[in-house]
Amino acid sequence: MSDGAISLGDRKDAILADLRAAGNATRAARDRAANRTDRETLGVTPEMLNEMAKALRVELSVDHRVIIADALWRADVFDARMLACKLLTQARIRPDDGVWSLLERWVHRLDCRALADAASAAISRRLAAQPARLDLLDDWVAAANPWTRRTVLTATAHLAKANHPSEAERAARERVLGWAAALRTDTRPVIAQAVESWMRDLARRDPDRVAAFRG
């Protein structure tokens, strides 16, 4: 094993130790209940996770962030997975192929709202950076995992919120509306809520298009 690999492994262990030190048992129990998970949960506040992610984004190169994020996700601790997502949530990341590859793998393993929202925030920025990646979301619409299907909408919310969309953004918006039409027959509350949220955002910019969708 190279010195660099050892260093990054030690860095991951140190980050996990910091997460454990920042945890709170009362909040951990609340987070476990809210996310309906048996996964180890430490109870680190969102503010602390944001601060840790910000510091690590400054400290680590993109390649090292991908390695650390992957290691944190594999630790299978709720707070570590949240931090992993936040490590990769940034508008400007170059190159970002490694980041996208990791997010694309994670999206099929999402299993609660908090992680799904955190992953969507990261995925949204990568879609905005390379809109051609929308092609890959075709497969997500039919995924067995409902959180993956939900991400089709939550990660494309920026298209519904665009006040002055370009021609390309309008075309992308129509594509998402096609997916939303397929997903609105899904009876799961998390899907129905995501469809409704997307429509509410779009209705503020293009109420006629939403009326046509609902009609």
# chains A, B, ... in the order shown; residues from 1 in each chain; ligands from 1

call {"tool": "closest_atom_pairs", "arguments": {"of": "stretch 40-95 of chain A", "to": "stretch 124-137 of chain A", "cutoff": "8 Å", "atoms": "only C-alpha atoms", "output": "tab-separated table"}}
result
residue	atom	partner	partner_atom	distance
A:Thr89	CA	A:Arg125	CA	7.0
A:Gln90	CA	A:Arg125	CA	6.6
A:Ala91	CA	A:Arg125	CA	5.3
A:Arg92	CA	A:Ala129	CA	7.8

call {"tool": "write_last_selection", "arguments": {"atoms": "C-alpha atoms", "output": "PDB file, in the first residue's frame"}}
result
ATOM      1  CA  THR A  89     -21.912  19.040  -3.241  1.00  0.00           C
ATOM      2  CA  GLN A  90     -20.341  21.965  -5.054  1.00  0.00           C
ATOM      3  CA  ALA A  91     -21.165  23.791  -8.264  1.00  0.00           C
ATOM      4  CA  ARG A  92     -17.644  23.929  -9.683  1.00  0.00           C
TER       5      ARG A  92
END

call {"tool": "select_by_dssp", "arguments": {"residues": "stretch 49-203 of chain A", "states": "helix (DSSP H, G or I)", "output": "ChimeraX atom specification"}}
result
/A:49-59,62-74,78-87,97-109,113-129,131-141,146-154,157-161,167-183,189-203

call {"tool": "residues_around", "arguments": {"residues": "A:Trp140", "least_positions_apart": "4", "cutoff": "7 Å", "atoms": "only C-alpha atoms", "output": "list of chain:residue names"}}
result
A:Thr148, A:Arg149, A:Val152

call {"tool": "write_last_selection", "arguments": {"atoms": "N, CA and C atoms", "output": "short mmCIF file (atom, residue, chain, number, x, y, z; two decimals), in the first residue's frame"}}
result
data_model
loop_
_atom_site.label_atom_id
_atom_site.label_comp_id
_atom_site.auth_asym_id
_atom_site.auth_seq_id
_atom_site.Cartn_x
_atom_site.Cartn_y
_atom_site.Cartn_z
N THR A 148 -34.58 6.20 -5.61
CA THR A 148 -33.93 6.48 -6.89
C THR A 148 -34.91 7.18 -7.83
N ARG A 149 -36.13 6.67 -7.89
CA ARG A 149 -37.14 7.31 -8.74
C ARG A 149 -37.41 8.74 -8.28
N VAL A 152 -35.05 11.51 -9.54
CA VAL A 152 -35.27 12.06 -10.88
C VAL A 152 -35.89 13.45 -10.77
#

call {"tool": "atom_distance", "arguments": {"atom1": "atom CA of A:Asn35", "atom2": "atom CA of A:Pro189"}}
result
14.7 Å

call {"tool": "closest_residue", "arguments": {"among": "A:Lys12, A:Arg170, A:Arg20, A:Arg94", "to": "A:Ala69", "atoms": "only C-alpha atoms"}}
result
A:Lys12

call {"tool": "residues_around", "arguments": {"residues": "A:Leu87", "least_positions_apart": "4", "cutoff": "10 Å", "atoms": "only C-alpha atoms", "output": "list in words"}}
result
Leu49, Asn50, Met52, Ala53, Lys54, Ala55, Leu56, Arg57, Leu60, Val62, Arg65, Val66, Ile68, Ala69, Arg81, Met82, Leu83, Val99 and Ala122 of chain A

call {"tool": "write_last_selection", "arguments": {"atoms": "N, CA, C and O atoms", "output": "PDB file, in the first residue's frame"}}
result
ATOM      1  N   LEU A  49     -22.031  19.139  10.199  1.00  0.00           N
ATOM      2  CA  LEU A  49     -21.710  18.417   8.964  1.00  0.00           C
ATOM      3  C   LEU A  49     -21.326  19.394   7.860  1.00  0.00           C
ATOM      4  O   LEU A  49     -20.383  19.151   7.098  1.00  0.00           O
ATOM      5  N   ASN A  50     -22.047  20.503   7.765  1.00  0.00           N
ATOM      6  CA  ASN A  50     -21.736  21.511   6.744  1.00  0.00           C
ATOM      7  C   ASN A  50     -20.349  22.116   6.971  1.00  0.00           C
ATOM      8  O   ASN A  50     -19.587  22.325   6.018  1.00  0.00           O
ATOM      9  N   MET A  52     -17.803  20.726   8.569  1.00  0.00           N
ATOM     10  CA  MET A  52     -16.790  19.725   8.288  1.00  0.00           C
ATOM     11  C   MET A  52     -16.592  19.557   6.778  1.00  0.00           C
ATOM     12  O   MET A  52     -15.465  19.465   6.291  1.00  0.00           O
ATOM     13  N   ALA A  53     -17.694  19.527   6.048  1.00  0.00           N
ATOM     14  CA  ALA A  53     -17.612  19.370   4.596  1.00  0.00           C
ATOM     15  C   ALA A  53     -16.888  20.560   3.965  1.00  0.00           C
ATOM     16  O   ALA A  53     -16.046  20.392   3.071  1.00  0.00           O
ATOM     17  N   LYS A  54     -17.202  21.746   4.426  1.00  0.00           N
ATOM     18  CA  LYS A  54     -16.558  22.953   3.879  1.00  0.00           C
ATOM     19  C   LYS A  54     -15.050  22.915   4.099  1.00  0.00           C
ATOM     20  O   LYS A  54     -14.263  23.207   3.189  1.00  0.00           O
ATOM     21  N   ALA A  55     -14.631  22.527   5.300  1.00  0.00           N
ATOM     22  CA  ALA A  55     -13.205  22.469   5.606  1.00  0.00           C
ATOM     23  C   ALA A  55     -12.508  21.397   4.770  1.00  0.00           C
ATOM     24  O   ALA A  55     -11.396  21.605   4.258  1.00  0.00           O
ATOM     25  N   LEU A  56     -13.145  20.260   4.601  1.00  0.00           N
ATOM     26  CA  LEU A  56     -12.544  19.171   3.830  1.00  0.00           C
ATOM     27  C   LEU A  56     -12.466  19.499   2.348  1.00  0.00           C
ATOM     28  O   LEU A  56     -11.520  19.084   1.664  1.00  0.00           O
ATOM     29  N   ARG A  57     -13.446  20.237   1.828  1.00  0.00           N
ATOM     30  CA  ARG A  57     -13.400  20.628   0.422  1.00  0.00           C
ATOM     31  C   ARG A  57     -12.203  21.537   0.150  1.00  0.00           C
ATOM     32  O   ARG A  57     -11.622  21.507  -0.936  1.00  0.00           O
ATOM     33  N   LEU A  60      -8.839  18.966   0.679  1.00  0.00           N
ATOM     34  CA  LEU A  60      -8.601  17.811  -0.182  1.00  0.00           C
ATOM     35  C   LEU A  60      -8.744  18.145  -1.660  1.00  0.00           C
ATOM     36  O   LEU A  60      -9.609  18.933  -2.049  1.00  0.00           O
ATOM     37  N   VAL A  62      -9.830  17.110  -5.555  1.00  0.00           N
ATOM     38  CA  VAL A  62     -11.049  16.431  -6.012  1.00  0.00           C
ATOM     39  C   VAL A  62     -10.870  14.914  -5.948  1.00  0.00           C
ATOM     40  O   VAL A  62     -11.737  14.191  -5.457  1.00  0.00           O
ATOM     41  N   ARG A  65     -11.020  13.781  -2.423  1.00  0.00           N
ATOM     42  CA  ARG A  65     -12.389  13.887  -1.900  1.00  0.00           C
ATOM     43  C   ARG A  65     -13.230  12.692  -2.326  1.00  0.00           C
ATOM     44  O   ARG A  65     -14.020  12.176  -1.546  1.00  0.00           O
ATOM     45  N   VAL A  66     -13.055  12.260  -3.566  1.00  0.00           N
ATOM     46  CA  VAL A  66     -13.798  11.085  -4.052  1.00  0.00           C
ATOM     47  C   VAL A  66     -13.414   9.851  -3.239  1.00  0.00           C
ATOM     48  O   VAL A  66     -14.279   9.064  -2.828  1.00  0.00           O
ATOM     49  N   ILE A  68     -12.120   9.721  -0.152  1.00  0.00           N
ATOM     50  CA  ILE A  68     -12.607   9.857   1.222  1.00  0.00           C
ATOM     51  C   ILE A  68     -14.124   9.696   1.277  1.00  0.00           C
ATOM     52  O   ILE A  68     -14.665   9.021   2.174  1.00  0.00           O
ATOM     53  N   ALA A  69     -14.832  10.292   0.332  1.00  0.00           N
ATOM     54  CA  ALA A  69     -16.291  10.181   0.317  1.00  0.00           C
ATOM     55  C   ALA A  69     -16.719   8.730   0.153  1.00  0.00           C
ATOM     56  O   ALA A  69     -17.649   8.257   0.824  1.00  0.00           O
ATOM     57  N   ARG A  81     -22.343   8.998   5.886  1.00  0.00           N
ATOM     58  CA  ARG A  81     -22.911   9.049   4.535  1.00  0.00           C
ATOM     59  C   ARG A  81     -23.415  10.458   4.205  1.00  0.00           C
ATOM     60  O   ARG A  81     -23.276  10.921   3.068  1.00  0.00           O
ATOM     61  N   MET A  82     -23.994  11.124   5.183  1.00  0.00           N
ATOM     62  CA  MET A  82     -24.422  12.505   4.957  1.00  0.00           C
ATOM     63  C   MET A  82     -23.221  13.382   4.625  1.00  0.00           C
ATOM     64  O   MET A  82     -23.260  14.206   3.694  1.00  0.00           O
ATOM     65  N   LEU A  83     -22.139  13.214   5.366  1.00  0.00           N
ATOM     66  CA  LEU A  83     -20.933  14.002   5.117  1.00  0.00           C
ATOM     67  C   LEU A  83     -20.346  13.667   3.745  1.00  0.00           C
ATOM     68  O   LEU A  83     -19.885  14.565   3.029  1.00  0.00           O
ATOM     69  N   VAL A  99     -16.527  12.067  -9.372  1.00  0.00           N
ATOM     70  CA  VAL A  99     -17.637  12.457  -8.488  1.00  0.00           C
ATOM     71  C   VAL A  99     -18.945  11.905  -9.030  1.00  0.00           C
ATOM     72  O   VAL A  99     -19.739  11.301  -8.279  1.00  0.00           O
ATOM     73  N   ALA A 122     -26.169  17.029  -4.393  1.00  0.00           N
ATOM     74  CA  ALA A 122     -24.912  16.832  -5.110  1.00  0.00           C
ATOM     75  C   ALA A 122     -25.164  16.495  -6.579  1.00  0.00           C
ATOM     76  O   ALA A 122     -24.495  17.021  -7.479  1.00  0.00           O
TER      77      ALA A 122
END

call {"tool": "residues_around", "arguments": {"residues": "A:Asp201", "least_positions_apart": "5", "cutoff": "10 Å", "atoms": "only C-alpha atoms", "output": "PyMOL selection string"}}
result
chain A and resi 157-162+196+206-207+210

call {"tool": "write_last_selection", "arguments": {"atoms": "C-alpha atoms", "output": "CSV table (one decimal), in the first residue's frame"}}
result
chain,number,residue,atom,x,y,z
A,157,ALA,CA,-35.7,20.9,-9.4
A,158,HIS,CA,-33.3,23.6,-10.7
A,159,LEU,CA,-35.0,23.2,-14.1
A,160,ALA,CA,-38.4,23.9,-12.6
A,161,LYS,CA,-37.0,26.9,-10.7
A,162,ALA,CA,-35.3,28.6,-13.7
A,196,GLU,CA,-46.2,17.9,-6.4
A,206,ASP,CA,-45.0,28.8,-16.0
A,207,PRO,CA,-48.5,28.2,-14.6
A,210,VAL,CA,-48.5,23.1,-15.1

call {"tool": "residues_around", "arguments": {"residues": "A:Thr37", "least_positions_apart": "4", "cutoff": "12 Å", "atoms": "only C-alpha atoms", "output": "ChimeraX atom specification"}}
result
/A:28-33,41,76-78,110-115

call {"tool": "write_last_selection", "arguments": {"atoms": "N, CA and C atoms", "output": "mmCIF file, in the first residue's frame"}}
result
data_model
loop_
_atom_site.group_PDB
_atom_site.id
_atom_site.type_symbol
_atom_site.label_atom_id
_atom_site.label_comp_id
_atom_site.auth_asym_id
_atom_site.auth_seq_id
_atom_site.Cartn_x
_atom_site.Cartn_y
_atom_site.Cartn_z
ATOM 1 N N ALA A 28 -29.283 11.450 18.001
ATOM 2 C CA ALA A 28 -29.109 10.224 17.225
ATOM 3 C C ALA A 28 -30.377 9.384 17.244
ATOM 4 N N ALA A 29 -30.979 9.264 18.411
ATOM 5 C CA ALA A 29 -32.220 8.481 18.524
ATOM 6 C C ALA A 29 -33.329 9.124 17.696
ATOM 7 N N ARG A 30 -33.372 10.451 17.717
ATOM 8 C CA ARG A 30 -34.381 11.166 16.936
ATOM 9 C C ARG A 30 -34.149 10.984 15.439
ATOM 10 N N ASP A 31 -32.898 11.058 15.019
ATOM 11 C CA ASP A 31 -32.576 10.876 13.599
ATOM 12 C C ASP A 31 -32.884 9.453 13.136
ATOM 13 N N ARG A 32 -32.570 8.471 13.979
ATOM 14 C CA ARG A 32 -32.867 7.086 13.611
ATOM 15 C C ARG A 32 -34.361 6.881 13.415
ATOM 16 N N ALA A 33 -35.142 7.466 14.321
ATOM 17 C CA ALA A 33 -36.595 7.323 14.220
ATOM 18 C C ALA A 33 -37.120 8.043 12.982
ATOM 19 N N THR A 41 -26.216 5.644 13.909
ATOM 20 C CA THR A 41 -26.467 7.082 13.754
ATOM 21 C C THR A 41 -25.846 7.802 14.944
ATOM 22 N N ASP A 76 -20.860 2.910 6.454
ATOM 23 C CA ASP A 76 -22.254 2.581 6.753
ATOM 24 C C ASP A 76 -22.736 3.191 8.065
ATOM 25 N N VAL A 77 -22.328 4.429 8.296
ATOM 26 C CA VAL A 77 -22.808 5.233 9.423
ATOM 27 C C VAL A 77 -23.615 6.376 8.823
ATOM 28 N N PHE A 78 -24.807 6.613 9.333
ATOM 29 C CA PHE A 78 -25.687 7.625 8.729
ATOM 30 C C PHE A 78 -24.981 8.964 8.574
ATOM 31 N N LEU A 110 -29.876 4.493 -1.965
ATOM 32 C CA LEU A 110 -30.530 5.415 -1.041
ATOM 33 C C LEU A 110 -31.673 4.703 -0.324
ATOM 34 N N ASP A 111 -31.842 5.003 0.970
ATOM 35 C CA ASP A 111 -32.878 4.286 1.714
ATOM 36 C C ASP A 111 -33.593 5.137 2.758
ATOM 37 N N CYS A 112 -33.405 6.463 2.703
ATOM 38 C CA CYS A 112 -34.171 7.336 3.599
ATOM 39 C C CYS A 112 -34.176 8.745 3.019
ATOM 40 N N ARG A 113 -35.088 9.577 3.516
ATOM 41 C CA ARG A 113 -35.277 10.915 2.958
ATOM 42 C C ARG A 113 -34.041 11.799 3.117
ATOM 43 N N ALA A 114 -33.429 11.771 4.286
ATOM 44 C CA ALA A 114 -32.295 12.665 4.524
ATOM 45 C C ALA A 114 -31.146 12.372 3.570
ATOM 46 N N LEU A 115 -30.805 11.093 3.415
ATOM 47 C CA LEU A 115 -29.730 10.734 2.489
ATOM 48 C C LEU A 115 -30.131 11.027 1.043
#

call {"tool": "closest_residue", "arguments": {"among": "A:Glu59, A:Glu51, A:Asp79, A:Asp70", "to": "A:Ala17", "atoms": "only C-alpha atoms"}}
result
A:Asp79

call {"tool": "decode", "arguments": {"residues": "stretch 159-195 of chain A", "atoms": "N, CA, C and O atoms", "output": "short mmCIF file (atom, residue, chain, number, x, y, z; two decimals), in the first residue's frame"}}
result
data_model
loop_
_atom_site.label_atom_id
_atom_site.label_comp_id
_atom_site.auth_asym_id
_atom_site.auth_seq_id
_atom_site.Cartn_x
_atom_site.Cartn_y
_atom_site.Cartn_z
N LEU A 159 -34.37 22.93 -12.79
CA LEU A 159 -35.00 23.21 -14.08
C LEU A 159 -36.39 23.81 -13.89
O LEU A 159 -36.81 24.69 -14.65
N ALA A 160 -37.10 23.35 -12.87
CA ALA A 160 -38.42 23.92 -12.58
C ALA A 160 -38.31 25.33 -12.02
O ALA A 160 -39.22 26.14 -12.18
N LYS A 161 -37.19 25.63 -11.37
CA LYS A 161 -37.02 26.92 -10.70
C LYS A 161 -36.38 27.98 -11.59
O LYS A 161 -36.28 29.14 -11.17
N ALA A 162 -35.95 27.60 -12.78
CA ALA A 162 -35.27 28.56 -13.65
C ALA A 162 -36.24 29.67 -14.09
O ALA A 162 -37.30 29.39 -14.67
N ASN A 163 -35.90 30.92 -13.80
CA ASN A 163 -36.78 32.04 -14.14
C ASN A 163 -36.70 32.41 -15.62
O ASN A 163 -37.69 32.83 -16.21
N HIS A 164 -35.54 32.27 -16.21
CA HIS A 164 -35.36 32.62 -17.62
C HIS A 164 -34.62 31.47 -18.31
O HIS A 164 -33.45 31.61 -18.69
N PRO A 165 -35.29 30.33 -18.48
CA PRO A 165 -34.62 29.16 -19.05
C PRO A 165 -34.21 29.36 -20.50
O PRO A 165 -34.91 30.00 -21.27
N SER A 166 -33.06 28.80 -20.83
CA SER A 166 -32.60 28.81 -22.22
C SER A 166 -33.42 27.79 -23.01
O SER A 166 -34.22 27.03 -22.44
N GLU A 167 -33.22 27.77 -24.30
CA GLU A 167 -33.93 26.79 -25.13
C GLU A 167 -33.58 25.37 -24.69
O GLU A 167 -34.45 24.49 -24.63
N ALA A 168 -32.30 25.15 -24.39
CA ALA A 168 -31.87 23.82 -23.94
C ALA A 168 -32.52 23.47 -22.60
O ALA A 168 -32.93 22.31 -22.37
N GLU A 169 -32.63 24.44 -21.72
CA GLU A 169 -33.25 24.19 -20.40
C GLU A 169 -34.74 23.93 -20.55
O GLU A 169 -35.30 23.11 -19.82
N ARG A 170 -35.38 24.59 -21.49
CA ARG A 170 -36.80 24.33 -21.73
C ARG A 170 -37.00 22.90 -22.24
O ARG A 170 -37.94 22.21 -21.85
N ALA A 171 -36.10 22.47 -23.11
CA ALA A 171 -36.19 21.10 -23.62
C ALA A 171 -35.96 20.10 -22.50
O ALA A 171 -36.66 19.08 -22.41
N ALA A 172 -35.01 20.40 -21.62
CA ALA A 172 -34.74 19.52 -20.48
C ALA A 172 -35.94 19.50 -19.53
O ALA A 172 -36.31 18.44 -18.99
N ARG A 173 -36.56 20.66 -19.36
CA ARG A 173 -37.75 20.75 -18.50
C ARG A 173 -38.88 19.87 -19.05
O ARG A 173 -39.54 19.16 -18.28
N GLU A 174 -39.06 19.91 -20.35
CA GLU A 174 -40.10 19.06 -20.96
C GLU A 174 -39.78 17.58 -20.77
O GLU A 174 -40.68 16.76 -20.58
N ARG A 175 -38.52 17.27 -20.82
CA ARG A 175 -38.13 15.87 -20.61
C ARG A 175 -38.48 15.42 -19.20
O ARG A 175 -39.00 14.32 -19.00
N VAL A 176 -38.21 16.27 -18.23
CA VAL A 176 -38.55 15.93 -16.84
C VAL A 176 -40.06 15.84 -16.67
O VAL A 176 -40.56 14.97 -15.94
N LEU A 177 -40.78 16.69 -17.33
CA LEU A 177 -42.24 16.62 -17.26
C LEU A 177 -42.76 15.28 -17.79
O LEU A 177 -43.74 14.74 -17.28
N GLY A 178 -42.08 14.75 -18.79
CA GLY A 178 -42.44 13.42 -19.28
C GLY A 178 -42.21 12.36 -18.22
O GLY A 178 -43.04 11.46 -18.02
N TRP A 179 -41.10 12.48 -17.50
CA TRP A 179 -40.84 11.53 -16.42
C TRP A 179 -41.85 11.72 -15.29
O TRP A 179 -42.32 10.74 -14.70
N ALA A 180 -42.18 12.97 -15.00
CA ALA A 180 -43.15 13.24 -13.94
C ALA A 180 -44.51 12.63 -14.28
O ALA A 180 -45.22 12.13 -13.40
N ALA A 181 -44.87 12.69 -15.56
CA ALA A 181 -46.14 12.09 -15.98
C ALA A 181 -46.15 10.59 -15.72
O ALA A 181 -47.18 10.01 -15.32
N ALA A 182 -45.00 9.94 -15.93
CA ALA A 182 -44.90 8.51 -15.66
C ALA A 182 -44.92 8.23 -14.16
O ALA A 182 -45.52 7.25 -13.71
N LEU A 183 -44.29 9.11 -13.39
CA LEU A 183 -44.16 8.87 -11.96
C LEU A 183 -45.42 9.24 -11.17
O LEU A 183 -45.61 8.76 -10.05
N ARG A 184 -46.28 10.08 -11.72
CA ARG A 184 -47.43 10.51 -10.92
C ARG A 184 -48.46 9.41 -10.73
O ARG A 184 -49.39 9.57 -9.92
N THR A 185 -48.31 8.29 -11.40
CA THR A 185 -49.18 7.15 -11.15
C THR A 185 -48.67 6.30 -9.99
O THR A 185 -49.35 5.38 -9.55
N ASP A 186 -47.46 6.63 -9.51
CA ASP A 186 -46.88 5.90 -8.38
C ASP A 186 -47.60 6.30 -7.10
O ASP A 186 -47.73 7.49 -6.79
N THR A 187 -48.09 5.33 -6.36
CA THR A 187 -48.88 5.63 -5.16
C THR A 187 -48.04 5.89 -3.91
O THR A 187 -48.60 6.27 -2.88
N ARG A 188 -46.76 5.72 -3.98
CA ARG A 188 -45.92 5.95 -2.80
C ARG A 188 -45.90 7.44 -2.46
O ARG A 188 -45.65 8.27 -3.33
N PRO A 189 -46.11 7.77 -1.19
CA PRO A 189 -46.15 9.19 -0.79
C PRO A 189 -44.90 9.96 -1.17
O PRO A 189 -44.98 11.12 -1.58
N VAL A 190 -43.70 9.33 -1.06
CA VAL A 190 -42.47 10.07 -1.35
C VAL A 190 -42.40 10.47 -2.82
O VAL A 190 -41.84 11.52 -3.15
N ILE A 191 -43.00 9.67 -3.69
CA ILE A 191 -43.01 10.01 -5.12
C ILE A 191 -44.06 11.08 -5.40
O ILE A 191 -43.79 12.07 -6.09
N ALA A 192 -45.25 10.88 -4.85
CA ALA A 192 -46.33 11.86 -5.06
C ALA A 192 -45.92 13.24 -4.55
O ALA A 192 -46.19 14.26 -5.19
N GLN A 193 -45.26 13.28 -3.40
CA GLN A 193 -44.81 14.56 -2.84
C GLN A 193 -43.77 15.22 -3.73
O GLN A 193 -43.77 16.45 -3.90
N ALA A 194 -42.87 14.41 -4.29
CA ALA A 194 -41.83 14.96 -5.16
C ALA A 194 -42.43 15.54 -6.44
O ALA A 194 -42.01 16.60 -6.92
N VAL A 195 -43.41 14.83 -7.01
CA VAL A 195 -44.08 15.34 -8.21
C VAL A 195 -44.76 16.66 -7.89
O VAL A 195 -44.63 17.65 -8.64
#
